[in-house]
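**Student:** Sending over my_file_18.cif (mmCIF, C-alpha atoms).
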```
data_query
#
loop_
_atom_site.label_atom_id
_atom_site.label_comp_id
_atom_site.auth_asym_id
_atom_site.auth_seq_id
_atom_site.Cartn_x
_atom_site.Cartn_y
_atom_site.Cartn_z
CA MET A 83 -62.21 92.91 23.11
CA ALA A 84 -65.70 92.98 24.79
CA PHE A 85 -69.15 92.36 23.31
CA ASN A 86 -71.89 94.95 24.09
CA ARG A 87 -75.17 93.24 24.78
CA ALA A 88 -77.25 96.32 24.31
CA THR A 89 -76.02 97.25 20.92
CA GLY A 90 -74.60 93.90 19.74
CA LYS A 91 -71.35 95.54 18.80
CA LEU A 92 -67.81 94.82 19.77
CA ASN A 93 -66.19 97.27 22.08
CA ARG A 94 -62.54 97.77 21.04
CA PRO A 95 -60.06 98.49 23.85
CA ALA A 96 -58.55 101.80 24.03
CA ARG A 97 -55.40 102.40 22.01
CA ALA A 98 -53.48 103.11 25.16
CA VAL A 99 -54.37 99.74 26.57
CA ARG A 100 -53.23 97.89 23.40
CA LEU A 101 -49.94 99.74 23.29
CA GLY A 102 -49.31 99.05 26.93
CA THR A 103 -49.81 95.33 26.45
CA ALA A 104 -47.37 95.24 23.52
CA VAL A 105 -44.78 97.19 25.45
CA ALA A 106 -45.17 94.80 28.38
CA ALA A 107 -44.61 91.78 26.14
CA VAL A 108 -41.50 93.27 24.66
CA ALA A 109 -40.27 94.09 28.09
CA VAL A 110 -40.80 90.52 29.26
CA GLY A 111 -38.95 89.16 26.24
CA VAL A 112 -36.08 91.52 26.71
CA ALA A 113 -35.96 90.79 30.39
CA GLY A 114 -35.98 87.03 29.72
CA THR A 115 -33.13 87.42 27.29
CA LEU A 116 -31.13 89.54 29.67
CA ALA A 117 -31.91 87.19 32.56
CA ALA A 118 -30.40 84.01 30.93
CA PRO A 119 -27.33 84.93 28.92
CA ALA A 120 -25.22 82.07 30.47
CA ALA A 121 -27.75 79.36 29.56
CA ALA A 122 -27.94 80.58 26.00
CA ALA A 123 -24.17 80.62 25.71
CA GLU A 124 -23.83 77.08 27.15
CA HIS A 125 -26.38 75.73 24.68
CA GLN A 126 -24.54 77.38 21.81
CA ASN A 127 -21.17 75.89 22.92
CA THR A 128 -22.58 72.32 23.23
CA PHE A 129 -24.08 72.47 19.76
CA SER A 130 -20.82 73.76 18.34
CA GLU A 131 -18.82 70.95 20.01
CA ALA A 132 -21.24 68.34 18.61
CA LEU A 133 -20.77 69.76 15.15
CA ALA A 134 -17.02 69.71 15.63
CA LEU A 135 -16.88 66.09 16.93
CA SER A 136 -19.21 64.52 14.34
CA PRO A 137 -16.62 64.32 11.52
CA SER A 138 -14.07 62.79 13.94
CA ILE A 139 -16.52 60.09 15.14
CA ALA A 140 -17.57 59.30 11.60
CA GLY A 141 -13.94 58.93 10.60
CA HIS A 142 -13.26 56.62 13.54
CA VAL A 143 -16.22 54.42 12.62
CA ALA A 144 -15.05 54.35 9.02
CA ASP A 145 -11.55 53.37 10.13
CA GLN A 146 -12.94 50.55 12.25
CA ALA A 147 -15.03 49.28 9.38
CA ALA A 148 -12.04 49.41 7.06
CA ALA A 149 -9.87 47.59 9.61
CA GLN A 150 -12.50 44.87 10.09
CA LYS A 151 -12.86 44.46 6.36
CA SER A 152 -9.10 44.23 5.94
CA ALA A 153 -8.84 41.68 8.76
CA ALA A 154 -11.63 39.60 7.22
CA ALA A 155 -9.89 39.74 3.85
CA GLU A 156 -6.57 38.68 5.42
CA GLN A 157 -8.28 35.85 7.25
CA ALA A 158 -9.94 34.69 4.04
CA GLU A 159 -6.61 34.82 2.22
CA ALA A 160 -4.95 32.89 5.04
CA LYS A 161 -7.62 30.18 4.89
CA LYS A 162 -7.31 30.07 1.13
CA ALA A 163 -3.53 29.73 1.37
CA GLU A 164 -3.88 27.03 4.04
CA ALA A 165 -6.37 25.11 1.89
CA LYS A 166 -4.05 25.41 -1.11
CA LYS A 167 -1.12 24.18 0.97
CA ALA A 168 -3.16 21.22 2.25
CA ALA A 169 -4.26 20.37 -1.30
CA GLU A 170 -0.66 20.56 -2.53
CA LYS A 171 0.49 18.33 0.33
CA LYS A 172 -2.25 15.80 -0.42
CA ALA A 173 -1.35 15.86 -4.11
CA ALA A 174 2.33 15.38 -3.27
CA GLU A 175 1.54 12.47 -0.95
CA LYS A 176 -0.66 10.89 -3.62
CA LYS A 177 2.06 11.33 -6.21
CA ALA A 178 4.65 9.82 -3.85
CA ALA A 179 2.35 6.87 -3.12
CA GLU A 180 1.74 6.32 -6.83
CA LYS A 181 5.48 6.49 -7.49
CA LYS A 182 6.17 4.01 -4.70
CA ALA A 183 3.47 1.67 -6.01
CA ALA A 184 4.87 1.96 -9.54
CA GLU A 185 8.39 1.22 -8.28
CA LYS A 186 7.11 -1.76 -6.29
CA LYS A 187 5.23 -3.06 -9.32
CA ALA A 188 8.30 -2.58 -11.53
CA ALA A 189 10.48 -4.40 -8.98
CA ALA A 190 7.97 -7.26 -8.83
CA GLU A 191 7.91 -7.45 -12.61
CA ARG A 192 11.72 -7.51 -12.68
CA ASP A 193 11.73 -10.31 -10.11
CA ASP A 194 9.15 -12.24 -12.12
CA ALA A 195 11.23 -11.74 -15.24
CA LYS A 196 14.36 -12.96 -13.43
CA ARG A 197 12.52 -16.02 -12.13
CA ALA A 198 11.17 -16.68 -15.62
CA ASP A 199 14.69 -16.35 -17.04
CA ARG A 200 16.03 -18.71 -14.41
CA SER A 201 13.22 -21.16 -15.09
CA ALA A 202 13.86 -20.94 -18.80
CA ALA A 203 17.58 -21.41 -18.28
CA ARG A 204 17.11 -24.27 -15.83
CA PRO A 205 16.90 -27.64 -17.58
CA ALA A 206 13.74 -29.64 -17.11
CA TYR A 207 15.82 -32.75 -16.29
CA VAL A 208 19.17 -33.12 -14.53
CA ALA A 209 21.43 -35.92 -13.39
CA PRO A 210 20.56 -37.35 -9.94
CA VAL A 211 24.16 -36.88 -8.76
CA LYS A 212 26.56 -34.21 -10.02
CA GLY A 213 29.74 -35.62 -11.49
CA GLY A 214 28.84 -39.22 -10.68
CA ASP A 215 29.93 -41.87 -13.09
CA VAL A 216 27.72 -44.88 -13.88
CA THR A 217 29.47 -47.89 -12.37
CA THR A 218 26.96 -50.69 -12.67
CA PRO A 219 24.86 -50.68 -15.85
CA TYR A 220 21.21 -51.56 -16.27
CA LYS A 221 20.32 -55.29 -16.46
CA SER A 222 23.70 -56.42 -15.20
CA GLY A 223 23.46 -60.06 -14.02
CA GLY A 224 24.52 -61.47 -10.69
CA GLN A 225 23.53 -63.09 -7.45
CA MET A 226 23.48 -59.73 -5.68
CA TRP A 227 19.98 -59.04 -7.02
CA SER A 228 16.98 -61.16 -6.15
CA SER A 229 15.71 -61.03 -9.72
CA GLY A 230 19.13 -61.94 -11.04
CA LYS A 231 19.46 -58.67 -12.89
CA HIS A 232 20.17 -55.09 -11.95
CA SER A 233 16.91 -53.08 -12.16
CA GLY A 234 18.66 -49.71 -12.37
CA ILE A 235 22.05 -48.07 -12.60
CA ASP A 236 24.56 -47.13 -9.91
CA PHE A 237 26.27 -43.76 -9.60
CA ALA A 238 29.58 -43.66 -7.78
CA ALA A 239 29.58 -41.02 -5.04
CA ALA A 240 30.80 -40.53 -1.49
CA THR A 241 28.54 -40.77 1.52
CA GLY A 242 26.73 -37.49 2.09
CA THR A 243 26.82 -36.38 -1.55
CA PRO A 244 23.55 -34.55 -2.38
CA VAL A 245 20.99 -36.55 -4.35
CA ASN A 246 18.73 -34.49 -6.62
CA SER A 247 15.33 -35.11 -8.14
CA VAL A 248 15.89 -35.47 -11.87
CA ALA A 249 12.73 -33.52 -12.68
CA ALA A 250 9.81 -31.72 -11.09
CA GLY A 251 7.25 -33.94 -9.45
CA THR A 252 5.66 -35.22 -6.24
CA VAL A 253 7.19 -37.56 -3.68
CA VAL A 254 5.19 -40.81 -3.43
CA THR A 255 7.61 -42.86 -1.32
CA ALA A 256 10.07 -41.73 1.36
CA GLY A 257 11.41 -44.27 3.85
CA TRP A 258 12.83 -47.73 4.30
CA GLY A 259 12.63 -49.93 1.20
CA GLY A 260 14.09 -53.29 2.27
CA ALA A 261 16.99 -54.17 -0.03
CA TYR A 262 16.95 -50.56 -1.28
CA GLY A 263 17.61 -49.28 2.24
CA ASN A 264 16.43 -45.70 2.65
CA ASN A 265 14.75 -44.86 -0.64
CA ILE A 266 12.63 -42.21 -2.35
CA VAL A 267 10.24 -42.51 -5.32
CA VAL A 268 9.11 -39.39 -7.21
CA LYS A 269 6.23 -39.20 -9.68
CA HIS A 270 6.96 -36.70 -12.48
CA ASN A 271 4.65 -34.54 -14.52
CA ASP A 272 4.98 -36.76 -17.61
CA GLY A 273 3.61 -39.74 -15.64
CA THR A 274 6.95 -41.50 -15.17
CA PHE A 275 8.60 -42.36 -11.85
CA THR A 276 12.20 -42.32 -10.61
CA GLN A 277 13.61 -44.18 -7.61
CA TYR A 278 16.66 -43.33 -5.45
CA GLY A 279 18.10 -46.08 -3.17
CA HIS A 280 20.67 -46.81 -0.43
CA LEU A 281 20.44 -43.23 0.93
CA SER A 282 22.15 -42.17 4.14
CA ALA A 283 19.53 -39.46 4.70
CA ILE A 284 16.07 -38.57 3.38
CA GLY A 285 15.21 -34.87 3.07
CA VAL A 286 11.60 -34.99 1.77
CA SER A 287 8.26 -36.45 2.78
CA VAL A 288 5.41 -38.12 0.93
CA GLY A 289 3.20 -35.62 -0.89
CA GLN A 290 5.90 -32.97 -1.11
CA SER A 291 6.41 -31.21 -4.43
CA VAL A 292 9.97 -30.99 -5.73
CA SER A 293 11.59 -29.17 -8.64
CA ALA A 294 14.21 -30.37 -11.08
CA GLY A 295 17.57 -30.41 -9.30
CA ALA A 296 16.06 -30.09 -5.82
CA GLU A 297 18.03 -31.96 -3.15
CA ILE A 298 15.93 -34.80 -1.78
CA GLY A 299 18.49 -36.88 0.12
CA LYS A 300 22.13 -37.90 0.48
CA VAL A 301 24.20 -40.75 -0.86
CA GLY A 302 24.74 -43.65 1.51
CA SER A 303 25.11 -47.44 1.72
CA THR A 304 21.96 -48.62 3.49
CA GLY A 305 20.11 -51.84 2.61
CA ASN A 306 21.68 -54.40 0.24
CA SER A 307 24.81 -52.44 -0.61
CA THR A 308 28.53 -53.09 -0.75
CA GLY A 309 29.59 -49.46 -0.46
CA PRO A 310 28.46 -45.85 -0.83
CA HIS A 311 26.67 -45.19 -4.12
CA LEU A 312 23.29 -44.12 -5.49
CA HIS A 313 21.00 -46.75 -7.00
CA PHE A 314 18.78 -45.02 -9.58
CA GLU A 315 15.78 -46.44 -11.42
CA ALA A 316 13.32 -45.13 -14.01
CA ARG A 317 9.86 -46.72 -13.80
CA SER A 318 6.50 -46.63 -15.51
CA THR A 319 4.75 -47.03 -12.12
CA ALA A 320 5.80 -46.58 -8.51
CA ALA A 321 6.08 -50.34 -7.98
CA TYR A 322 9.14 -52.54 -8.28
CA GLY A 323 9.25 -54.45 -11.56
CA SER A 324 8.06 -51.59 -13.81
CA ASP A 325 11.60 -50.44 -14.48
CA MET A 326 12.86 -49.09 -17.81
CA ASP A 327 16.36 -48.36 -19.07
CA PRO A 328 17.45 -45.37 -16.92
CA VAL A 329 20.28 -44.38 -19.28
CA ASN A 330 17.94 -44.13 -22.28
CA TYR A 331 15.41 -42.38 -20.04
CA LEU A 332 17.83 -39.65 -18.93
CA ARG A 333 19.46 -39.22 -22.31
CA GLY A 334 16.03 -38.94 -23.89
CA LYS A 335 15.36 -36.04 -21.52
CA GLY A 336 18.57 -34.31 -22.54
CA VAL A 337 20.71 -35.40 -19.61
CA PRO A 338 24.25 -36.38 -20.69
CA LEU A 339 25.82 -39.33 -18.92
CA SER A 340 29.47 -40.34 -18.81
#
```
Show me this structure written as structure tokens.
**Tutor:**
Amino acid sequence: MAFNRATGKLNRPARAVRLGTAVAAVAVGVAGTLAAPAAAAEHQNTFSEALALSPSIAGHVADQAAAQKSAAAEQAEAKKAEAKKAAEKKAAEKKAAEKKAAEKKAAAERDDAKRADRSAARPAYVAPVKGGDVTTPYKSGGQMWSSGKHSGIDFAAATGTPVNSVAAGTVVTAGWGGAYGNNIVVKHNDGTFTQYGHLSAIGVSVGQSVSAGAEIGKVGSTGNSTGPHLHFEARSTAAYGSDMDPVNYLRGKGVPLS
């Protein structure tokens, strides 16, 4: 459309011109459409394939997600089961250890009870020689003893016969004792002392603790002796000369003598 300077009005194009332009445009459009039918068809096919594949891809992704979730759940369950198994094993081991400790404690208590029973059954005092008869009584006179009297009693027994401590105590003398030969002196818990002479062997040492009935030596005939026997004394001290009647001493402690 053109503007007329002289009149100031718009000059409209002729109708024929306008129609021709429209026809030309339509022709171009039709020609363009006719010129590219293959391209249009290819574009349509690609779009259709994309629409067809989208549900398949989405399903595949969903399947993968489900599989991963299932695998994670299985792994979690496996770890949970493993933890449970470990806890059960630990509990079983603890229970077994507690049972073993309880059994050990019970066994120790039984042993203690047996020892207590044995201690209770064991007499506090025993004879120094089993089955030995008293042959020479206390205070017997004669030239055999320097004091003129027998300071103890003699038990008849063969050489090598075990000699036992008459009660629990501590050894204060163990060795050669002159006229007593090999001798032992034991201090007992009640403050008294016992002496064992003419031994063929000594089986204890000074300072050693002994129990009632414990073997401390063997019968012999060492020192001032005329034959195998055990010389036994009961004393108020460890020294010679503090002797007391050994028969009354032993009988007073519940030891029978023949």
**Student:** Between atom CA of A:Gly279 and atom CA of A:Thr252, what is the distance in Å, rounded to a tenth?
**Tutor:**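 Computed distance, atom CA of A:Gly279 to atom CA of A:Thr252, equals 16.8 Å.
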**Student:** May I have a table of the residues of stretch 174-220 of chain A lying at most 8 Å from stretch 328-340 of chain A, giving each one's closest pair of atoms and their distance in Å to one decimal, counting all atoms listed in the file, ordered by chain and ascending residue number, as a Markdown table?
**Tutor:**
```
| residue | atom | partner | partner_atom | distance |
| --- | --- | --- | --- | --- |
| A:Ala206 | CA | A:Lys335 | CA | 7.9 |
| A:Tyr207 | CA | A:Lys335 | CA | 6.2 |
| A:Val208 | CA | A:Val337 | CA | 5.8 |
| A:Ala209 | CA | A:Val337 | CA | 6.3 |
| A:Asp215 | CA | A:Ser340 | CA | 5.9 |
| A:Val216 | CA | A:Ser340 | CA | 6.9 |
| A:Tyr220 | CA | A:Pro328 | CA | 7.3 |
```
**Student:** Rounded to one decimal in Å, what is the spacing between atom CA of A:Thr241 and atom CA of A:Tyr262?
**Tutor:**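 Atom-to-atom, atom CA of A:Thr241 to atom CA of A:Tyr262, that is 15.4 Å.
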**Student:** Counting all atoms listed in the file, find the residues whose atoms lie at most 10 Å from (28.0, -47.1, -5.9) (file coordinates) and write them out as a VMD selection string.
**Tutor:** chain A and resid 214 to 218 235 to 241 280 301 to 303 307 to 313
**Student:** Could you please determine the separation between atom CA of A:Gly289 and atom CA of A:Ile266 in Å, to one decimal place?
**Tutor:**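 Value for the atom CA of A:Gly289-atom CA of A:Ile266 distance: 11.6 Å.
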**Student:** Using only C-alpha atoms, can you tell me which of A:Pro205, A:Gly223, A:Gly285, A:Pro210 comes closest to A:Val253?
**Tutor:**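 When distances to A:Val253 are compared using only C-alpha atoms, the smallest one comes from A:Gly285.
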**Student:** Which residue gives the smallest distance to A:Thr304 among A:Ile284, A:Ala320, A:Ala169, A:Val292, with all atoms listed in the file counted?
**Tutor:**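 For A:Thr304, the nearest of the given residues is A:Ile284.
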**Student:** So, counting all atoms listed in the file, which residue among A:Asn306, A:Thr274, A:Ser287, A:Ser152 is closest to A:Ala261?
**Tutor:**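 For A:Ala261, the nearest of the candidates is A:Asn306.
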**Student:** Under the rule that all atoms listed in the file are counted, which of A:Glu297, A:Ser233, A:Gly263, A:Ala283 is the nearest residue to A:Ser324?
**Tutor:**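 Using all atoms listed in the file, A:Ser324 sits closest to A:Ser233.
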**Student:** For A:Val268, which residue out of A:Ala188, A:Thr319, A:His232, A:Thr243 is the nearest one, using only C-alpha atoms?
**Tutor:** A:Thr319
**Student:** Report as number ranges by chain the full result of the PyMOL selection byres ((chain A and resi 244) around 8) when it is applied to this structure.
**Tutor:** A: 211, 242-243, 245-246, 297-301
**Student:** So which residues get picked by the PyMOL selection byres ((chain A and resi 256) around 7) here, written as a list in words?
**Tutor:**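 Expected selection for the PyMOL selection byres ((chain A and resi 256) around 7) here is Val254, Thr255, Gly257, Asn265, Ile266, Val267, Val286, Ser287 and Val288 of chain A.
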